[in-house]
file upload27.cif (mmCIF, C-alpha atoms)
data_final
loop_
_atom_site.group_PDB
_atom_site.id
_atom_site.type_symbol
_atom_site.label_atom_id
_atom_site.label_comp_id
_atom_site.auth_asym_id
_atom_site.auth_seq_id
_atom_site.Cartn_x
_atom_site.Cartn_y
_atom_site.Cartn_z
ATOM 1 C CA MET A 1 0.000 0.000 0.000
ATOM 2 C CA GLU A 2 1.182 3.520 -0.792
ATOM 3 C CA ALA A 3 1.465 6.086 2.035
ATOM 4 C CA ARG A 4 -1.233 8.261 0.426
ATOM 5 C CA ASP A 5 -3.599 5.254 0.319
ATOM 6 C CA ILE A 6 -3.193 4.639 4.062
ATOM 7 C CA VAL A 7 -3.787 8.193 5.325
ATOM 8 C CA ILE A 8 -7.153 9.340 3.973
ATOM 9 C CA LYS A 9 -7.708 12.729 5.643
ATOM 10 C CA PRO A 10 -7.173 14.629 8.894
ATOM 11 C CA VAL A 11 -9.997 14.594 11.441
ATOM 12 C CA VAL A 12 -10.834 18.135 12.564
ATOM 13 C CA THR A 13 -13.124 18.144 15.592
ATOM 14 C CA GLU A 14 -13.121 20.065 18.849
ATOM 15 C CA LYS A 15 -11.548 17.137 20.676
ATOM 16 C CA SER A 16 -8.865 16.502 18.041
ATOM 17 C CA THR A 17 -7.996 20.220 17.968
ATOM 18 C CA ASP A 18 -7.461 20.176 21.759
ATOM 19 C CA LEU A 19 -5.090 17.195 21.382
ATOM 20 C CA ILE A 20 -2.739 19.249 19.160
ATOM 21 C CA SER A 21 -1.472 21.014 22.299
ATOM 22 C CA GLU A 22 -0.267 17.569 23.502
ATOM 23 C CA ASN A 23 1.479 17.009 20.115
ATOM 24 C CA LYS A 24 -1.191 14.459 19.049
ATOM 25 C CA TYR A 25 -2.751 14.558 15.578
ATOM 26 C CA THR A 26 -5.840 12.639 14.421
ATOM 27 C CA PHE A 27 -6.315 11.098 10.967
ATOM 28 C CA GLN A 28 -8.823 8.908 9.177
ATOM 29 C CA VAL A 29 -6.912 5.898 7.862
ATOM 30 C CA ASP A 30 -7.574 2.796 5.767
ATOM 31 C CA LEU A 31 -9.436 0.053 7.668
ATOM 32 C CA ARG A 32 -6.801 -2.558 6.724
ATOM 33 C CA ALA A 33 -3.779 -0.498 7.845
ATOM 34 C CA ASN A 34 -1.899 -1.525 10.990
ATOM 35 C CA LYS A 35 -0.010 0.756 13.405
ATOM 36 C CA ALA A 36 3.393 0.185 11.799
ATOM 37 C CA GLN A 37 2.056 1.062 8.337
ATOM 38 C CA ILE A 38 0.339 4.189 9.714
ATOM 39 C CA LYS A 39 3.559 5.296 11.444
ATOM 40 C CA ASP A 40 5.627 4.831 8.267
ATOM 41 C CA ALA A 41 3.028 6.652 6.143
ATOM 42 C CA ILE A 42 2.822 9.701 8.462
ATOM 43 C CA GLU A 43 6.620 9.939 8.676
ATOM 44 C CA GLU A 44 6.935 9.706 4.874
ATOM 45 C CA ILE A 45 4.193 12.227 4.020
ATOM 46 C CA PHE A 46 4.868 14.906 6.662
ATOM 47 C CA LYS A 47 8.618 14.316 7.346
ATOM 48 C CA VAL A 48 8.154 14.071 11.137
ATOM 49 C CA LYS A 49 9.176 11.577 13.867
ATOM 50 C CA VAL A 50 6.263 9.514 15.249
ATOM 51 C CA THR A 51 6.633 8.109 18.771
ATOM 52 C CA ARG A 52 3.236 6.448 19.240
ATOM 53 C CA VAL A 53 0.128 5.438 17.258
ATOM 54 C CA ASN A 54 -3.263 4.714 18.836
ATOM 55 C CA THR A 55 -6.084 3.380 16.651
ATOM 56 C CA ALA A 56 -9.843 2.957 17.007
ATOM 57 C CA ARG A 57 -12.522 1.481 14.757
ATOM 58 C CA VAL A 58 -15.457 3.896 14.511
ATOM 59 C CA MET A 59 -18.759 2.207 13.711
ATOM 60 C CA GLY A 60 -21.051 4.021 11.259
ATOM 61 C CA LYS A 61 -24.367 5.351 12.545
ATOM 62 C CA MET A 62 -27.784 4.280 11.294
ATOM 63 C CA ARG A 63 -29.515 7.099 9.361
ATOM 64 C CA ARG A 64 -32.997 7.568 7.925
ATOM 65 C CA MET A 65 -34.342 9.573 5.018
ATOM 66 C CA GLY A 66 -38.109 9.231 5.300
ATOM 67 C CA ARG A 67 -38.846 5.522 5.340
ATOM 68 C CA THR A 68 -35.509 4.537 3.789
ATOM 69 C CA GLU A 69 -32.932 3.371 6.300
ATOM 70 C CA GLY A 70 -29.220 3.363 5.647
ATOM 71 C CA LYS A 71 -25.921 3.163 7.464
ATOM 72 C CA ARG A 72 -22.880 5.413 7.334
ATOM 73 C CA PRO A 73 -19.685 3.494 6.581
ATOM 74 C CA ASP A 74 -17.358 2.214 9.313
ATOM 75 C CA TRP A 75 -13.946 3.903 9.449
ATOM 76 C CA LYS A 76 -10.663 3.772 11.338
ATOM 77 C CA LYS A 77 -9.199 6.636 13.356
ATOM 78 C CA ALA A 78 -5.512 6.984 14.214
ATOM 79 C CA ILE A 79 -4.201 9.340 16.902
ATOM 80 C CA VAL A 80 -0.515 9.915 16.178
ATOM 81 C CA THR A 81 1.869 11.285 18.843
ATOM 82 C CA LEU A 82 4.889 13.127 17.491
ATOM 83 C CA ALA A 83 8.326 13.537 19.071
ATOM 84 C CA ASP A 84 9.157 16.812 20.822
ATOM 85 C CA GLY A 85 10.022 19.592 18.397
ATOM 86 C CA HIS A 86 7.997 18.098 15.526
ATOM 87 C CA SER A 87 4.641 19.395 14.269
ATOM 88 C CA ILE A 88 2.409 19.098 11.214
ATOM 89 C CA GLU A 89 1.764 22.428 9.502
ATOM 90 C CA VAL A 90 -1.646 21.436 8.100
ATOM 91 C CA PHE A 91 -3.119 21.751 11.592
ATOM 92 C CA GLU A 92 -1.227 24.848 12.738
ATOM 93 C CA GLY A 93 -3.857 27.456 11.829
ATOM 94 C CA LEU A 94 -6.581 25.808 13.922
#

call {"tool": "encode", "arguments": {"input": "upload27.cif", "output": "structure tokens"}}
result
Amino acid sequence: MEARDIVIKPVVTEKSTDLISENKYTFQVDLRANKAQIKDAIEEIFKVKVTRVNTARVMGKMRRMGRTEGKRPDWKKAIVTLADGHSIEVFEGL
């Protein structure tokens, strides 16, 4: 898998924005990716040193439009802790 296939997009929520002060960044990643692949992909894309990766599977919610029921897709979240002195500029304006 390519690094750009593993990291899908950054997750920007109130909670993830608060974690930036602790040098932790949150990303949506491929469901099949493991922690080692996520670490290598983040280091390759952003040129930073990753010290820790925490992952969580987020289950999609049930949704209704009138009488039609559907389900949002499941996805995987990765919270990446960077070494001291490293940061990711994409998040810096938040």

call {"tool": "resolve_selection", "arguments": {"input": "upload27.cif", "expression": "the PyMOL selection byres ((chain A and resi 12) around 9)", "output": "PyMOL selection string"}}
result
chain A and resi 10-11+13-17+26-27+91+94

call {"tool": "closest_residue", "arguments": {"input": "upload27.cif", "among": "A:Val50, A:Met1, A:Ile45, A:Met65", "to": "Leu82 of chain A", "atoms": "all atoms listed in the file"}}
result
A:Val50

call {"tool": "closest_residue", "arguments": {"input": "upload27.cif", "among": "A:Val7, A:Ile88, A:Val48, A:Val58", "to": "Asn34 of chain A", "atoms": "only C-alpha atoms"}}
result
A:Val7

call {"tool": "resolve_selection", "arguments": {"input": "upload27.cif", "expression": "the PyMOL selection byres ((chain A and resi 41) around 12)", "output": "number ranges by chain"}}
result
A: 1-8, 27, 29-30, 33-40, 42-50, 53, 78, 80

call {"tool": "atom_distance", "arguments": {"input": "upload27.cif", "atom1": "atom CA of Asp74 of chain A", "atom2": "atom CA of Ala56 of chain A"}}
result
10.8 Å

call {"tool": "atom_distance", "arguments": {"input": "upload27.cif", "atom1": "atom CA of Thr81 of chain A", "atom2": "atom CA of Arg57 of chain A"}}
result
17.9 Å

call {"tool": "atom_distance", "arguments": {"input": "upload27.cif", "atom1": "atom CA of Pro73 of chain A", "atom2": "atom CA of Thr55 of chain A"}}
result
16.9 Å

call {"tool": "build_atoms", "arguments": {"input": "upload27.cif", "residues": "segment 18-36 of chain A", "atoms": "N, CA and C atoms", "output": "tab-separated table (two decimals), keeping the file's coordinate frame"}}
result
chain	number	residue	atom	x	y	z
A	18	ASP	N	-8.03	20.05	20.41
A	18	ASP	CA	-7.46	20.18	21.76
A	18	ASP	C	-6.23	19.28	21.93
A	19	LEU	N	-6.21	18.13	21.26
A	19	LEU	CA	-5.09	17.20	21.38
A	19	LEU	C	-3.81	17.72	20.73
A	20	ILE	N	-3.92	18.70	19.83
A	20	ILE	CA	-2.74	19.25	19.16
A	20	ILE	C	-1.78	19.87	20.17
A	21	SER	N	-2.34	20.42	21.26
A	21	SER	CA	-1.47	21.01	22.30
A	21	SER	C	-0.61	19.95	22.98
A	22	GLU	N	-1.04	18.68	22.94
A	22	GLU	CA	-0.27	17.57	23.50
A	22	GLU	C	0.59	16.89	22.42
A	23	ASN	N	0.71	17.52	21.24
A	23	ASN	CA	1.48	17.01	20.11
A	23	ASN	C	0.88	15.72	19.56
A	24	LYS	N	-0.48	15.62	19.59
A	24	LYS	CA	-1.19	14.46	19.05
A	24	LYS	C	-2.08	14.93	17.90
A	25	TYR	N	-2.01	14.20	16.78
A	25	TYR	CA	-2.75	14.56	15.58
A	25	TYR	C	-3.64	13.38	15.18
A	26	THR	N	-4.85	13.67	14.72
A	26	THR	CA	-5.84	12.64	14.42
A	26	THR	C	-6.08	12.56	12.92
A	27	PHE	N	-6.10	11.32	12.39
A	27	PHE	CA	-6.32	11.10	10.97
A	27	PHE	C	-7.31	9.97	10.75
A	28	GLN	N	-8.04	10.04	9.63
A	28	GLN	CA	-8.82	8.91	9.18
A	28	GLN	C	-7.90	8.07	8.31
A	29	VAL	N	-7.83	6.77	8.59
A	29	VAL	CA	-6.91	5.90	7.86
A	29	VAL	C	-7.67	4.71	7.28
A	30	ASP	N	-7.00	3.98	6.39
A	30	ASP	CA	-7.57	2.80	5.77
A	30	ASP	C	-7.88	1.75	6.83
A	31	LEU	N	-9.02	1.06	6.69
A	31	LEU	CA	-9.44	0.05	7.67
A	31	LEU	C	-8.43	-1.09	7.79
A	32	ARG	N	-7.71	-1.41	6.71
A	32	ARG	CA	-6.80	-2.56	6.72
A	32	ARG	C	-5.41	-2.21	7.22
A	33	ALA	N	-5.13	-0.92	7.46
A	33	ALA	CA	-3.78	-0.50	7.84
A	33	ALA	C	-3.51	-0.82	9.31
A	34	ASN	N	-2.28	-1.28	9.60
A	34	ASN	CA	-1.90	-1.52	10.99
A	34	ASN	C	-1.07	-0.35	11.50
A	35	LYS	N	-0.70	-0.38	12.78
A	35	LYS	CA	-0.01	0.76	13.40
A	35	LYS	C	1.36	1.03	12.77
A	36	ALA	N	2.08	0.00	12.41
A	36	ALA	CA	3.39	0.18	11.80
A	36	ALA	C	3.27	0.85	10.44
